[in-house]
file target-v7.csv (CSV, C-alpha atoms)
chain,number,residue,atom,x,y,z
Q,30,MET,CA,42.1,22.6,-39.1
Q,31,ASN,CA,38.4,23.3,-39.9
Q,32,GLY,CA,35.3,23.3,-37.8
Q,33,PRO,CA,34.0,19.9,-38.6
Q,34,VAL,CA,37.3,18.2,-38.0
Q,35,PHE,CA,37.8,20.1,-34.6
Q,36,ARG,CA,34.3,19.1,-33.6
Q,37,ALA,CA,35.0,15.5,-34.4
Q,38,LEU,CA,38.2,15.7,-32.4
Q,39,LEU,CA,36.2,17.1,-29.4
Q,40,LEU,CA,33.8,14.1,-29.7
Q,41,GLU,CA,36.7,11.7,-30.0
Q,42,HIS,CA,38.1,13.1,-26.7
Q,43,GLY,CA,34.8,12.5,-24.9
Q,44,PHE,CA,33.1,15.8,-25.0
Q,45,ASP,CA,29.4,15.2,-25.3
Q,46,PHE,CA,27.6,18.4,-24.3
Q,47,PHE,CA,28.0,21.7,-26.1
Q,48,THR,CA,26.9,25.2,-25.3
Q,49,GLY,CA,28.2,28.7,-25.7
Q,50,VAL,CA,27.8,32.1,-27.2
Q,51,PRO,CA,29.0,32.7,-30.8
Q,52,ASP,CA,32.4,34.0,-31.9
Q,53,SER,CA,33.5,34.8,-35.4
Q,54,THR,CA,37.1,33.6,-34.7
Q,55,PHE,CA,36.1,30.1,-35.7
Q,56,HIS,CA,33.2,30.4,-38.0
Q,57,THR,CA,33.1,26.9,-39.4
Q,58,LEU,CA,32.9,25.4,-35.9
Q,59,TRP,CA,29.8,27.4,-35.3
Q,60,VAL,CA,28.3,26.1,-38.5
Q,61,GLU,CA,28.7,22.6,-37.0
Q,62,LEU,CA,27.3,23.6,-33.6
Q,63,ASP,CA,24.3,25.4,-35.1
Q,64,ALA,CA,23.5,22.3,-37.1
Q,65,ASP,CA,23.4,20.2,-34.0
Q,66,PRO,CA,20.0,20.2,-32.4
Q,67,ALA,CA,21.5,19.3,-29.0
Q,68,TYR,CA,23.8,22.4,-29.0
Q,69,VAL,CA,22.4,24.9,-26.5
Q,70,SER,CA,22.7,28.5,-27.5
Q,71,ALA,CA,23.2,30.4,-24.3
Q,72,THR,CA,22.1,34.0,-23.8
Q,73,SER,CA,25.4,34.9,-22.0
Q,74,GLU,CA,28.7,33.3,-21.3
Q,75,ASN,CA,28.2,33.0,-17.5
Q,76,LEU,CA,24.9,31.2,-18.1
Q,77,ALA,CA,26.6,28.9,-20.6
Q,78,LEU,CA,29.1,28.0,-17.8
Q,79,GLY,CA,26.2,27.4,-15.3
Q,80,LEU,CA,24.5,25.2,-17.9
Q,81,ALA,CA,27.7,23.3,-18.5
Q,82,ALA,CA,28.2,22.9,-14.7
Q,83,GLY,CA,24.7,21.4,-14.4
Q,84,ALA,CA,25.4,19.0,-17.2
Q,85,GLN,CA,28.7,17.9,-15.7
Q,86,LEU,CA,27.2,17.3,-12.3
Q,87,ALA,CA,24.6,15.1,-14.1
Q,88,GLY,CA,27.3,13.0,-15.8
Q,89,ARG,CA,28.2,14.7,-19.1
Q,90,GLN,CA,31.5,16.1,-20.3
Q,91,PRO,CA,30.8,19.6,-21.5
Q,92,ALA,CA,32.6,22.0,-23.7
Q,93,VAL,CA,31.7,25.7,-23.7
Q,94,VAL,CA,32.6,27.8,-26.7
Q,95,MET,CA,32.8,31.6,-26.5
Q,96,GLN,CA,34.8,34.7,-27.4
Q,97,ASN,CA,37.3,36.2,-25.0
Q,98,SER,CA,35.0,39.2,-24.5
Q,99,GLY,CA,32.9,36.8,-22.4
Q,100,LEU,CA,35.7,36.0,-19.9
Q,101,GLY,CA,35.2,39.0,-17.7
Q,102,LEU,CA,31.4,38.3,-17.4
Q,103,SER,CA,32.3,34.6,-16.6
Q,104,LEU,CA,34.5,35.3,-13.6
Q,105,ASN,CA,31.9,34.8,-10.9
Q,106,ALA,CA,30.8,31.5,-12.6
Q,107,PHE,CA,34.4,30.4,-12.6
Q,108,THR,CA,35.5,31.4,-9.2
Q,109,SER,CA,32.3,30.8,-7.1
Q,110,LEU,CA,30.9,27.8,-9.0
Q,111,LEU,CA,33.2,25.8,-11.3
Q,112,GLN,CA,36.4,26.2,-9.4
Q,113,LEU,CA,34.9,26.3,-5.9
Q,114,TYR,CA,32.9,23.1,-6.4
Q,115,ARG,CA,35.6,21.5,-8.7
Q,116,ILE,CA,33.4,21.1,-11.7
Q,117,PRO,CA,35.6,20.3,-14.7
Q,118,VAL,CA,34.5,21.9,-17.9
Q,119,LEU,CA,36.4,22.7,-21.1
Q,120,VAL,CA,36.1,26.3,-22.3
Q,121,VAL,CA,37.2,27.0,-25.9
Q,122,VAL,CA,37.8,30.7,-26.3
Q,123,GLY,CA,38.2,32.7,-29.5
Q,124,TRP,CA,41.1,35.2,-29.3
Q,125,ARG,CA,39.8,38.5,-30.5
Q,126,GLY,CA,42.3,41.4,-30.3
Q,127,HIS,CA,45.1,39.0,-31.2
Q,128,ASP,CA,45.8,40.8,-34.4
Q,129,PRO,CA,46.8,44.5,-34.0
Q,130,ASP,CA,44.3,45.6,-36.6
Q,131,ASP,CA,41.3,43.9,-34.9
Q,132,ALA,CA,38.4,46.1,-33.7
Q,133,PRO,CA,39.2,48.4,-30.8
Q,134,GLU,CA,36.8,46.9,-28.3
Q,135,HIS,CA,38.9,43.7,-28.3
Q,136,ARG,CA,42.3,45.4,-27.8
Q,137,LEU,CA,42.4,45.3,-24.0
Q,138,ILE,CA,41.0,41.8,-23.4
Q,139,GLY,CA,43.0,40.6,-26.4
Q,140,ALA,CA,46.2,41.7,-24.6
Q,141,ARG,CA,45.3,40.9,-21.0
Q,142,TRP,CA,43.2,37.7,-21.0
Q,143,ALA,CA,46.0,35.5,-19.8
Q,144,GLU,CA,46.7,37.8,-16.8
Q,145,LEU,CA,43.0,37.8,-16.1
Q,146,LEU,CA,42.8,34.1,-16.0
Q,147,ASP,CA,46.1,33.8,-14.0
Q,148,SER,CA,44.8,36.2,-11.4
Q,149,VAL,CA,42.0,33.7,-10.5
Q,150,ASP,CA,44.2,30.6,-11.0
Q,151,LEU,CA,42.4,29.3,-14.1
Q,152,SER,CA,44.4,26.9,-16.1
Q,153,HIS,CA,44.8,27.8,-19.8
Q,154,ALA,CA,46.7,27.1,-23.0
Q,155,VAL,CA,46.8,28.5,-26.5
Q,156,LEU,CA,45.8,26.1,-29.3
Q,157,GLU,CA,48.6,25.7,-31.8
Q,158,GLU,CA,48.0,24.8,-35.4
Q,159,GLY,CA,48.8,21.2,-36.0
Q,160,ARG,CA,48.8,20.2,-32.3
Q,161,GLU,CA,45.1,20.1,-31.7
Q,162,ASN,CA,45.0,16.5,-30.7
Q,163,GLU,CA,47.8,17.0,-28.2
Q,164,ALA,CA,46.1,20.0,-26.8
Q,165,LEU,CA,42.8,18.2,-26.2
Q,166,ALA,CA,44.6,15.2,-24.7
Q,167,HIS,CA,46.3,17.6,-22.3
Q,168,ALA,CA,43.0,19.3,-21.6
Q,169,THR,CA,41.2,16.1,-20.8
Q,170,ALA,CA,44.0,14.9,-18.6
Q,171,HIS,CA,43.7,18.2,-16.6
Q,172,LEU,CA,39.9,17.9,-16.3
Q,173,ARG,CA,40.2,14.3,-15.2
Q,174,ASP,CA,43.1,14.7,-12.8
Q,175,ARG,CA,42.5,18.2,-11.3
Q,176,GLY,CA,38.8,18.4,-11.6
Q,177,THR,CA,38.9,22.1,-12.4
Q,178,PRO,CA,38.0,24.0,-15.6
Q,179,TYR,CA,40.4,24.3,-18.5
Q,180,VAL,CA,40.5,27.2,-20.9
Q,181,LEU,CA,41.8,26.6,-24.5
Q,182,VAL,CA,42.3,29.9,-26.3
Q,183,VAL,CA,42.2,29.8,-30.1
Q,184,PRO,CA,44.0,32.4,-32.1
Q,185,PRO,CA,42.5,33.5,-35.5
Q,186,GLY,CA,43.2,31.1,-38.3
Q,187,VAL,CA,43.9,28.0,-36.3
Q,188,ILE,CA,40.3,26.7,-36.8
Q,189,GLN,CA,39.4,28.1,-40.2
G,28,MET,CA,4.8,52.4,-16.0
G,29,THR,CA,5.5,50.2,-13.0
G,30,VAL,CA,3.0,47.9,-11.5
G,31,ALA,CA,3.0,48.1,-7.7
G,32,ILE,CA,2.9,44.5,-6.4
G,33,SER,CA,1.8,44.1,-2.7
G,34,LEU,CA,4.3,42.3,-0.5
G,35,ALA,CA,1.7,41.8,2.3
G,36,ARG,CA,1.8,38.0,2.2
G,37,GLU,CA,1.1,35.1,4.6
G,38,LEU,CA,3.4,32.4,3.3
G,39,THR,CA,7.0,32.7,4.5
G,40,ARG,CA,9.9,31.7,2.2
G,41,ALA,CA,11.2,29.2,4.9
G,42,ASP,CA,7.8,27.5,5.0
G,43,ALA,CA,7.6,27.4,1.2
G,44,VAL,CA,11.1,25.9,1.0
G,45,ALA,CA,10.1,23.3,3.6
G,46,ALA,CA,7.0,22.4,1.6
G,47,ALA,CA,9.1,21.9,-1.5
G,48,ILE,CA,11.7,19.8,0.3
G,49,ASP,CA,9.1,17.8,2.3
G,50,GLY,CA,7.4,16.9,-1.0
G,51,VAL,CA,10.4,15.8,-3.1
G,52,GLU,CA,10.9,12.2,-3.9
G,53,ASP,CA,14.1,11.5,-5.9
G,54,GLU,CA,14.2,14.8,-7.9
G,55,LEU,CA,17.5,16.5,-8.5
G,56,VAL,CA,17.1,19.8,-6.6
G,57,PHE,CA,19.1,22.9,-7.3
G,58,CYS,CA,18.9,25.7,-4.7
G,59,ALA,CA,19.6,29.4,-5.2
G,60,THR,CA,22.4,31.0,-3.3
G,61,GLY,CA,22.0,32.4,0.2
G,62,MET,CA,18.9,31.9,2.3
G,63,ILE,CA,17.2,29.5,-0.1
G,64,SER,CA,20.0,27.0,0.1
G,65,ARG,CA,20.3,27.4,3.9
G,66,GLU,CA,16.6,26.8,4.3
G,67,ALA,CA,16.6,23.8,2.0
G,68,PHE,CA,19.5,22.4,3.9
G,69,ALA,CA,17.7,22.9,7.2
G,70,ALA,CA,14.4,21.5,5.9
G,71,GLY,CA,16.0,18.2,4.9
G,72,ASP,CA,19.5,17.6,3.6
G,73,ARG,CA,19.9,15.0,0.9
G,74,ALA,CA,22.6,14.1,-1.6
G,75,ARG,CA,20.4,15.0,-4.6
G,76,SER,CA,20.1,18.6,-3.4
G,77,PHE,CA,22.8,20.9,-4.8
G,78,TYR,CA,23.3,24.0,-2.6
G,79,THR,CA,24.9,27.0,-4.2
G,80,ILE,CA,27.0,29.6,-2.3
G,81,GLY,CA,28.0,32.5,-4.7
G,82,SER,CA,27.1,32.0,-8.4
G,83,MET,CA,24.1,34.2,-8.0
G,84,GLY,CA,21.8,34.2,-11.0
G,85,LEU,CA,23.0,30.8,-12.2
G,86,VAL,CA,20.9,28.2,-10.5
G,87,ALA,CA,18.3,28.1,-13.3
G,88,SER,CA,21.0,27.4,-15.8
G,89,LEU,CA,22.4,24.7,-13.5
G,90,GLY,CA,19.0,23.0,-13.3
G,91,LEU,CA,18.6,23.3,-17.1
G,92,GLY,CA,22.0,21.7,-17.7
G,93,ALA,CA,21.1,18.7,-15.5
G,94,ALA,CA,17.6,18.4,-17.0
G,95,LEU,CA,19.0,18.2,-20.5
G,96,ALA,CA,21.8,15.9,-19.5
G,97,ARG,CA,19.4,13.5,-17.8
G,98,PRO,CA,15.9,13.5,-19.4
G,99,ASP,CA,15.1,10.5,-17.3
G,100,GLU,CA,15.4,12.4,-14.1
G,101,ARG,CA,13.1,15.1,-12.7
G,102,VAL,CA,14.7,18.4,-11.8
G,103,LEU,CA,13.5,21.0,-9.4
G,104,VAL,CA,15.0,24.4,-9.2
G,105,LEU,CA,14.4,26.5,-6.0
G,106,ASP,CA,15.1,30.0,-7.2
G,107,GLY,CA,14.6,33.5,-5.8
G,108,ASP,CA,13.3,36.6,-7.5
G,109,GLY,CA,16.7,38.4,-7.2
G,110,SER,CA,18.5,35.5,-8.7
G,111,VAL,CA,16.0,35.3,-11.6
G,112,LEU,CA,16.3,39.0,-12.3
G,113,MET,CA,20.1,38.7,-12.3
G,114,GLY,CA,19.9,35.8,-14.8
G,115,MET,CA,16.8,36.6,-16.8
G,116,GLY,CA,18.4,35.0,-19.9
G,117,GLY,CA,17.9,31.7,-18.0
G,118,LEU,CA,14.2,32.0,-18.4
G,119,ALA,CA,14.6,32.3,-22.2
G,120,MET,CA,17.0,29.4,-22.3
G,121,ILE,CA,14.7,27.1,-20.3
G,122,ALA,CA,11.7,28.0,-22.4
G,123,GLU,CA,13.6,27.6,-25.6
G,124,ARG,CA,15.0,24.1,-24.7
G,125,ALA,CA,11.6,23.2,-23.2
G,126,PRO,CA,12.8,20.4,-21.0
G,127,ARG,CA,9.7,18.4,-19.9
G,128,ASN,CA,11.4,17.2,-16.7
G,129,LEU,CA,12.1,20.7,-15.2
G,130,THR,CA,10.1,22.6,-12.6
G,131,HIS,CA,11.3,26.1,-11.8
G,132,VAL,CA,10.0,27.4,-8.5
G,133,VAL,CA,10.6,31.0,-7.9
G,134,LEU,CA,10.2,32.2,-4.3
G,135,ASP,CA,9.4,35.9,-4.8
G,136,ASN,CA,9.6,38.1,-1.7
G,137,GLY,CA,10.4,41.3,-3.6
G,138,THR,CA,13.7,41.6,-1.7
G,139,TYR,CA,17.3,40.5,-1.5
G,140,GLY,CA,16.9,38.5,1.7
G,141,SER,CA,20.4,37.2,1.9
G,142,THR,CA,22.0,40.6,2.0
G,143,GLY,CA,19.6,42.4,4.4
G,144,ASP,CA,16.2,42.6,2.7
G,145,GLN,CA,17.0,45.4,0.2
G,146,ARG,CA,14.3,46.0,-2.3
G,147,ALA,CA,14.4,44.0,-5.5
G,148,ILE,CA,12.5,45.3,-8.5
G,149,SER,CA,10.4,42.2,-8.6
G,150,ASP,CA,7.9,44.3,-6.6
G,151,ALA,CA,7.2,46.0,-9.9
G,152,VAL,CA,8.0,43.3,-12.5
G,153,PRO,CA,5.6,40.3,-12.7
G,154,LEU,CA,7.9,37.4,-13.1
G,155,ASP,CA,5.2,34.9,-13.8
G,156,GLU,CA,4.2,37.0,-16.8
G,157,VAL,CA,7.8,37.1,-17.9
G,158,ALA,CA,8.0,33.3,-17.8
G,159,ARG,CA,4.7,33.0,-19.7
G,160,ALA,CA,5.9,35.4,-22.4
G,161,CYS,CA,9.2,33.4,-22.7
G,162,GLY,CA,7.1,30.3,-23.4
G,163,TYR,CA,7.2,28.0,-20.3
G,164,ALA,CA,4.8,25.1,-20.9
G,165,HIS,CA,2.9,25.8,-17.6
G,166,VAL,CA,3.0,28.9,-15.4
G,167,VAL,CA,1.2,28.9,-12.0
G,168,GLN,CA,1.1,31.4,-9.1
G,169,VAL,CA,0.5,30.4,-5.5
G,170,ASP,CA,0.3,32.2,-2.2
G,171,SER,CA,-0.3,29.5,0.3
G,172,ARG,CA,1.4,26.3,1.4
G,173,PRO,CA,-1.5,23.9,0.4
G,174,ALA,CA,-1.6,25.5,-3.0
G,175,LEU,CA,2.2,25.2,-3.4
G,176,GLU,CA,2.1,21.5,-2.4
G,177,ARG,CA,-0.7,20.8,-4.9
G,178,GLU,CA,1.1,22.5,-7.7
G,179,LEU,CA,4.4,20.7,-7.0
G,180,ARG,CA,2.6,17.4,-7.1
G,181,CYS,CA,1.0,18.3,-10.4
G,182,ALA,CA,4.3,19.6,-11.8
G,183,ARG,CA,6.0,16.3,-11.1
G,184,GLU,CA,3.6,14.6,-13.5
G,185,ALA,CA,3.3,17.3,-16.0
G,186,ASP,CA,5.2,17.9,-19.3
G,187,GLY,CA,7.2,20.9,-18.3
G,188,PRO,CA,8.9,23.2,-18.1
G,189,VAL,CA,6.7,24.4,-15.3
G,190,PHE,CA,7.1,27.8,-13.6
G,191,VAL,CA,5.7,28.0,-10.1
G,192,HIS,CA,5.7,31.6,-8.9
G,193,VAL,CA,5.4,31.6,-5.1
G,194,ARG,CA,4.6,34.9,-3.5
G,195,VAL,CA,6.2,34.9,-0.1
G,196,ALA,CA,6.7,37.5,2.6
G,197,PRO,CA,10.0,39.3,3.1
G,198,GLY,CA,12.1,38.4,6.1
G,199,ASN,CA,14.4,35.6,7.2
G,200,VAL,CA,14.2,33.0,10.0
G,201,ARG,CA,16.4,34.1,12.8
G,202,GLY,CA,19.5,32.1,13.5
G,203,ILE,CA,19.3,29.9,10.4
G,204,GLY,CA,22.7,28.3,9.9
G,205,ARG,CA,24.9,28.1,6.9
G,206,VAL,CA,25.2,25.0,4.8
G,207,THR,CA,27.9,23.0,6.7
G,208,LEU,CA,29.1,20.9,3.8
G,209,ASP,CA,32.1,21.8,1.7
G,210,PRO,CA,31.3,22.8,-1.9
G,211,GLU,CA,33.5,20.0,-3.2
G,212,GLU,CA,31.6,17.5,-1.1
G,213,ILE,CA,28.2,18.9,-2.3
G,214,ALA,CA,29.3,18.3,-5.9
G,215,ARG,CA,30.9,15.0,-5.3
G,216,ARG,CA,28.0,13.3,-3.5
G,217,PHE,CA,25.5,14.9,-5.9
G,218,ARG,CA,27.4,13.4,-8.9
G,219,GLU,CA,27.5,10.0,-7.2
G,220,SER,CA,23.8,10.1,-6.5
G,221,VAL,CA,23.0,10.7,-10.2
G,222,SER,CA,25.4,8.2,-11.7

call {"tool": "encode", "arguments": {"input": "target-v7.csv", "output": "structure tokens"}}
result
Amino acid sequence: MNGPVFRALLLEHGFDFFTGVPDSTFHTLWVELDADPAYVSATSENLALGLAAGAQLAGRQPAVVMQNSGLGLSLNAFTSLLQLYRIPVLVVVGWRGHDPDDAPEHRLIGARWAELLDSVDLSHAVLEEGRENEALAHATAHLRDRGTPYVLVVPPGVIQ
Amino acid sequence: MTVAISLARELTRADAVAAAIDGVEDELVFCATGMISREAFAAGDRARSFYTIGSMGLVASLGLGAALARPDERVLVLDGDGSVLMGMGGLAMIAERAPRNLTHVVLDNGTYGSTGDQRAISDAVPLDEVARACGYAHVVQVDSRPALERELRCAREADGPVFVHVRVAPGNVRGIGRVTLDPEEIARRFRESVS
């Protein structure tokens, strides 16, 4: 799957507000987002989540796109805002540190992100190639029925 | 080189918050965590006021998100200097998106009032100049309640984003209560009031 197709799929599933901090894991998706004048480039991942929360409260269905290195910084926004107030936001996260020969700064978070999210009861799933539509259907059902954020982690190569 | 900014001020934060809440019509109001939310709640609770507990540093981005989502609504952010310092990127984001419908009020007392009045470095960093440099459409600074009321009235009609830097005295009202609403209820009724 490539960026333009994934973005079209997001739109199809009702996501209509996009923000985030870039990640090279899915380069072609960023080309799409950068070309969209309504996409909001956030200065940090936690502010992207704050922005998405504000948009959701005001009636939009936001998707935040980031790299897994931003998850730690985002913890307070998750635990004391999105989860506490039940503000459902989709977070699409690039999985750096997935490949053993990836850069060293990604090694620890690449190995431990799931435990980190589990430790604060954040729902998450890994995007599988060929099952993107299903993954987004599952995500939207969670957002609608549970009202809490949903993290979709994307391994390298799934969105080329 | 630091600039020493005097904290000898007449306007209290509680009075400034009361002035802001007394003056709102149907704006979507986002209040910073801690004392500011408590004071806003005490001054006049309303469904269109979103009180934050936790999520320090995020209130400006919350307001920006709402302002962008609903350009037909006016948005007022009641922020604090500590919160702004924590989320300085938010000033850049607001200026870059330049929402015309956003007024960003920063109640600057040079301290972290909600954790016991510890010093914040806003006593050496002029936040109004930071906002001006970021590129807010209008930046004003006030020290008195009448001036604040006047600027808020102007801001409501202006093409923003407007930064209202309110210099207030350190200190908290004794016995001010917490926001008694559940966070989920705050979000639920806010959403309902905007839809």

call {"tool": "closest_atom_pairs", "arguments": {"input": "target-v7.csv", "of": "chain G", "to": "chain Q", "cutoff": "10 Å", "atoms": "only C-alpha atoms", "output": "CSV"}}
result
residue,atom,partner,partner_atom,distance
G:Leu55,CA,Q:Ala87,CA,9.2
G:Phe57,CA,Q:Gly83,CA,9.2
G:Phe77,CA,Q:Leu86,CA,9.4
G:Thr79,CA,Q:Leu110,CA,7.7
G:Ile80,CA,Q:Ser109,CA,7.3
G:Gly81,CA,Q:Ser109,CA,5.2
G:Ser82,CA,Q:Ser109,CA,5.5
G:Met83,CA,Q:Asn105,CA,8.3
G:Gly84,CA,Q:Leu76,CA,8.3
G:Leu85,CA,Q:Gly79,CA,5.6
G:Val86,CA,Q:Gly79,CA,7.2
G:Ala87,CA,Q:Gly79,CA,8.2
G:Ser88,CA,Q:Leu80,CA,4.6
G:Leu89,CA,Q:Gly83,CA,4.1
G:Gly90,CA,Q:Gly83,CA,6.0
G:Leu91,CA,Q:Leu80,CA,6.2
G:Gly92,CA,Q:Gly83,CA,4.3
G:Ala93,CA,Q:Gly83,CA,4.6
G:Ala94,CA,Q:Ala84,CA,7.8
G:Leu95,CA,Q:Ala84,CA,7.2
G:Ala96,CA,Q:Ala84,CA,5.3
G:Arg97,CA,Q:Ala87,CA,6.6
G:Glu100,CA,Q:Ala87,CA,9.6
G:Gly114,CA,Q:Leu76,CA,7.6
G:Met115,CA,Q:Thr72,CA,9.2
G:Gly116,CA,Q:Thr72,CA,5.5
G:Gly117,CA,Q:Leu76,CA,7.0
G:Leu118,CA,Q:Thr72,CA,9.8
G:Ala119,CA,Q:Thr72,CA,7.9
G:Met120,CA,Q:Ala71,CA,6.6
G:Ile121,CA,Q:Ala71,CA,10.0
G:Glu123,CA,Q:Val69,CA,9.2
G:Arg124,CA,Q:Val69,CA,7.7
G:Asp209,CA,Q:Tyr114,CA,8.2
G:Pro210,CA,Q:Tyr114,CA,4.8
G:Glu211,CA,Q:Tyr114,CA,4.5
G:Glu212,CA,Q:Tyr114,CA,7.8
G:Ile213,CA,Q:Tyr114,CA,7.5
G:Ala214,CA,Q:Tyr114,CA,6.0
G:Arg215,CA,Q:Leu86,CA,8.2
G:Arg216,CA,Q:Leu86,CA,9.7
G:Phe217,CA,Q:Leu86,CA,7.0
G:Arg218,CA,Q:Leu86,CA,5.2
G:Glu219,CA,Q:Leu86,CA,8.9
G:Ser220,CA,Q:Ala87,CA,9.1
G:Val221,CA,Q:Ala87,CA,6.1
G:Ser222,CA,Q:Gly88,CA,6.6

call {"tool": "residues_around", "arguments": {"input": "target-v7.csv", "residues": "segment 200-202 of chain G", "least_positions_apart": "3", "cutoff": "12 Å", "atoms": "only C-alpha atoms", "output": "list in words"}}
result
Thr39, Arg40, Ala41, Asp42, Val44, Met62, Ile63, Arg65, Glu66, Ala69, Gly140, Ser141, Ala196, Pro197 and Arg205 of chain G

call {"tool": "residues_around", "arguments": {"input": "target-v7.csv", "residues": "Leu181 of chain Q", "least_positions_apart": "3", "cutoff": "8 Å", "atoms": "only C-alpha atoms", "output": "VMD selection string"}}
result
chain Q and resid 119 to 122 153 to 156 168

call {"tool": "atom_distance", "arguments": {"input": "target-v7.csv", "atom1": "atom CA of Asp108 of chain G", "atom2": "atom CA of Val167 of chain G"}}
result
15.0 Å

call {"tool": "atom_distance", "arguments": {"input": "target-v7.csv", "atom1": "atom CA of Val56 of chain G", "atom2": "atom CA of Leu151 of chain Q"}}
result
28.0 Å

call {"tool": "residues_near_point", "arguments": {"input": "target-v7.csv", "point": "(7.0, 32.7, -3.6)", "cutoff": "10 Å", "atoms": "only C-alpha atoms", "output": "number ranges by chain"}}
result
G: 36, 38-40, 43-44, 105-108, 132-137, 168-172, 175, 191-197

call {"tool": "write_last_selection", "arguments": {"input": "target-v7.csv", "atoms": "C-alpha atoms", "output": "compact mmCIF listing (two decimals), keeping the file's coordinate frame"}}
result
# COMPACT_ATOMS: atom_id res chain seq x y z
CA ARG G 36 1.80 38.00 2.20
CA LEU G 38 3.40 32.40 3.30
CA THR G 39 7.00 32.70 4.50
CA ARG G 40 9.90 31.70 2.20
CA ALA G 43 7.60 27.40 1.20
CA VAL G 44 11.10 25.90 1.00
CA LEU G 105 14.40 26.50 -6.00
CA ASP G 106 15.10 30.00 -7.20
CA GLY G 107 14.60 33.50 -5.80
CA ASP G 108 13.30 36.60 -7.50
CA VAL G 132 10.00 27.40 -8.50
CA VAL G 133 10.60 31.00 -7.90
CA LEU G 134 10.20 32.20 -4.30
CA ASP G 135 9.40 35.90 -4.80
CA ASN G 136 9.60 38.10 -1.70
CA GLY G 137 10.40 41.30 -3.60
CA GLN G 168 1.10 31.40 -9.10
CA VAL G 169 0.50 30.40 -5.50
CA ASP G 170 0.30 32.20 -2.20
CA SER G 171 -0.30 29.50 0.30
CA ARG G 172 1.40 26.30 1.40
CA LEU G 175 2.20 25.20 -3.40
CA VAL G 191 5.70 28.00 -10.10
CA HIS G 192 5.70 31.60 -8.90
CA VAL G 193 5.40 31.60 -5.10
CA ARG G 194 4.60 34.90 -3.50
CA VAL G 195 6.20 34.90 -0.10
CA ALA G 196 6.70 37.50 2.60
CA PRO G 197 10.00 39.30 3.10

call {"tool": "atom_distance", "arguments": {"input": "target-v7.csv", "atom1": "atom CA of Leu34 of chain G", "atom2": "atom CA of Val157 of chain G"}}
result
18.5 Å

call {"tool": "closest_residue", "arguments": {"input": "target-v7.csv", "among": "G:Gly187, G:Gly143, G:Pro173, G:Gly109", "to": "Gly50 of chain G", "atoms": "only C-alpha atoms"}}
result
G:Pro173

call {"tool": "closest_residue", "arguments": {"input": "target-v7.csv", "among": "Q:His42, Q:Asn31, Q:Arg36, Q:Val93", "to": "Ala164 of chain Q", "atoms": "all atoms listed in the file"}}
result
Q:His42

call {"tool": "closest_residue", "arguments": {"input": "target-v7.csv", "among": "Q:Met95, Q:Ala166, Q:Val187, Q:Leu38", "to": "Pro51 of chain Q", "atoms": "all atoms listed in the file"}}
result
Q:Met95

call {"tool": "closest_residue", "arguments": {"input": "target-v7.csv", "among": "Q:Gly49, Q:Gly123, Q:Gly139, Q:Pro117", "to": "Pro185 of chain Q", "atoms": "only C-alpha atoms"}}
result
Q:Gly123
